[in-house]
Amino acid sequence: MRNTNVKSFLCGVLACLMVIGLCATVTAATTSISVSYGTKVLFNGQAFQPKDNAGRNVQLITYDGTVYAPIRAVCEKAGLRVEYDAATKTASIMTADYVPPKPLPQPAPGSSSMTIAGMTVTGNLGFLQGDFWTDGDGQYLMEELAASGVTSMVSTYYTEAQRPEYGCPIYILAFIYEGQNVGLVLDGEHGEPMDEIEL
């Protein structure tokens with residue numbers, strides 16, 4: 001539902017853009033481009049003037065048929081949150097109710113690490129000795145996770161006393177899937193999947 005609302009808003013903005021046709025030239029380090037400015041935006045039928053962080057009006061420009069607008073001004077008008085990481089030059093756009101995932105558990109110093117199906121797995125890798133993994137079923141599971149976008153995971157071993165709800169020792173493979181921290185619970189003896197939990 002959130003994606004639909006965002007797409008609807010952006011389509012509305014694009015439908016309301018009107019190019020006046022005033023021309024200017026923007027000079028980059030090695031090239032010059034010709035752009036049009038003076039584009040107007042209507043938000044829900046009302047005139048909307050984008051502003052920068054200092055409250056100054058920002059001109060929208062059109063180049064090669066595409067209108068360029070300040071991300072923060074437009075997104076915040078639509079009720080979205082915007083954060084900017086200057087170190088990585090990355091702008092993050094989030095819905096108002098988005099909660100970033102908590103950091104994954106960190107493997108103990110000196111933990112083992114290996115690549116399985118293109119994913120980096122770090123931590124206690126004892127689960128690889130179980131029947132589920134030596135028979136090849138675990139490789140198939142990893143390939144499915146990798147295909148779904150998982151790139152890394154952390155494996156932690158728990159004794160039955162530490163996690164008594166499972167009635168046996170377990171491993172938990174922690175990874176991020178679709179923006180959420182997920183834990184795949186494996187049987188501590190055979191390495192077979194038992195449960196999937198949110199971390």
# chains A, B, ... in the order shown; residues from 1 in each chain; ligands from 1
>>> residues_around(residues="range 50-54 of chain A", least_positions_apart="6", cutoff="9 Å", atoms="only C-alpha atoms", output="list in words")
Val41, Leu60, Ala69, Pro70, Arg72, Ala73, Val74 and Lys77 of chain A
>>> write_last_selection(atoms="N, CA and C atoms", output="PDB file, in the first residue's frame")
ATOM      1  N   VAL A  41       5.025  23.424  -9.921  1.00  0.00           N
ATOM      2  CA  VAL A  41       4.476  22.182  -9.383  1.00  0.00           C
ATOM      3  C   VAL A  41       3.172  22.485  -8.669  1.00  0.00           C
ATOM      4  N   LEU A  60      13.178  24.481 -10.172  1.00  0.00           N
ATOM      5  CA  LEU A  60      13.220  23.186 -10.817  1.00  0.00           C
ATOM      6  C   LEU A  60      13.767  23.363 -12.224  1.00  0.00           C
ATOM      7  N   ALA A  69      13.983  17.867  -9.487  1.00  0.00           N
ATOM      8  CA  ALA A  69      13.487  18.601  -8.324  1.00  0.00           C
ATOM      9  C   ALA A  69      14.264  18.173  -7.093  1.00  0.00           C
ATOM     10  N   PRO A  70      14.352  19.032  -6.067  1.00  0.00           N
ATOM     11  CA  PRO A  70      15.049  18.648  -4.830  1.00  0.00           C
ATOM     12  C   PRO A  70      14.303  17.517  -4.124  1.00  0.00           C
ATOM     13  N   ARG A  72      14.464  16.273  -1.028  1.00  0.00           N
ATOM     14  CA  ARG A  72      13.942  16.509   0.314  1.00  0.00           C
ATOM     15  C   ARG A  72      12.640  17.308   0.283  1.00  0.00           C
ATOM     16  N   ALA A  73      12.628  18.389  -0.490  1.00  0.00           N
ATOM     17  CA  ALA A  73      11.454  19.249  -0.506  1.00  0.00           C
ATOM     18  C   ALA A  73      10.219  18.515  -1.015  1.00  0.00           C
ATOM     19  N   VAL A  74      10.368  17.791  -2.104  1.00  0.00           N
ATOM     20  CA  VAL A  74       9.229  17.100  -2.697  1.00  0.00           C
ATOM     21  C   VAL A  74       8.776  15.931  -1.818  1.00  0.00           C
ATOM     22  N   LYS A  77       7.099  16.994   1.466  1.00  0.00           N
ATOM     23  CA  LYS A  77       5.745  17.502   1.187  1.00  0.00           C
ATOM     24  C   LYS A  77       4.758  16.342   1.088  1.00  0.00           C
TER      25      LYS A  77
END
>>> select_by_dssp(residues="range 124-154 of chain A", states="alpha helix (DSSP H)", output="MDAnalysis selection string")
chainID A and resid 131:134 137:147
>>> closest_residue(among="A:Gly191, A:Arg81, A:Leu199, A:Ala91", to="Asp135 in chain A", atoms="only C-alpha atoms")
A:Gly191
>>> residues_around(residues="Thr95 in chain A", least_positions_apart="3", cutoff="8 Å", atoms="only C-alpha atoms", output="compact mmCIF listing (two decimals) with C-alpha atoms, in the first residue's frame")
# COMPACT_ATOMS: atom_id res chain seq x y z
CA ARG A 2 2.81 2.42 0.80
CA GLY A 79 4.95 12.95 4.11
CA LEU A 80 8.12 10.95 3.47
CA ARG A 81 11.31 11.14 5.51
CA TYR A 98 9.52 2.88 8.39
>>> residues_around(residues="Thr159 in chain A", least_positions_apart="6", cutoff="9 Å", atoms="only C-alpha atoms", output="list in words")
Cys168, Pro169, Ile170, Tyr171 and Gly188 of chain A
>>> closest_residue(among="A:Gln162, A:Ser148, A:Asn44, A:Ser34", to="Met119 in chain A", atoms="only C-alpha atoms")
A:Ser148
>>> atom_distance(atom1="CA of Thr156 in chain A", atom2="CA of Gly123 in chain A")
6.1 Å
>>> residues_around(residues="Trp133 in chain A", least_positions_apart="5", cutoff="9 Å", atoms="only C-alpha atoms", output="PDB file with N, CA and C atoms, in the first residue's frame")
ATOM      1  N   PHE A 127      27.132 -26.023  12.134  1.00  0.00           N
ATOM      2  CA  PHE A 127      25.920 -26.590  11.525  1.00  0.00           C
ATOM      3  C   PHE A 127      26.230 -27.281  10.194  1.00  0.00           C
ATOM      4  N   LEU A 128      27.348 -26.915   9.569  1.00  0.00           N
ATOM      5  CA  LEU A 128      27.697 -27.502   8.275  1.00  0.00           C
ATOM      6  C   LEU A 128      28.052 -28.981   8.377  1.00  0.00           C
ATOM      7  N   GLY A 138      21.198 -28.376   2.369  1.00  0.00           N
ATOM      8  CA  GLY A 138      21.531 -27.043   2.856  1.00  0.00           C
ATOM      9  C   GLY A 138      22.025 -26.137   1.754  1.00  0.00           C
ATOM     10  N   GLN A 139      22.759 -26.688   0.797  1.00  0.00           N
ATOM     11  CA  GLN A 139      23.242 -25.894  -0.330  1.00  0.00           C
ATOM     12  C   GLN A 139      22.062 -25.339  -1.126  1.00  0.00           C
ATOM     13  N   HIS A 190      21.554 -31.947  13.534  1.00  0.00           N
ATOM     14  CA  HIS A 190      21.468 -32.280  12.114  1.00  0.00           C
ATOM     15  C   HIS A 190      21.554 -31.062  11.193  1.00  0.00           C
ATOM     16  N   GLY A 191      21.397 -29.850  11.768  1.00  0.00           N
ATOM     17  CA  GLY A 191      21.441 -28.641  10.953  1.00  0.00           C
ATOM     18  C   GLY A 191      20.183 -28.393  10.150  1.00  0.00           C
ATOM     19  N   GLU A 192      19.135 -29.136  10.448  1.00  0.00           N
ATOM     20  CA  GLU A 192      17.894 -29.006   9.682  1.00  0.00           C
ATOM     21  C   GLU A 192      17.079 -27.807  10.178  1.00  0.00           C
TER      22      GLU A 192
END
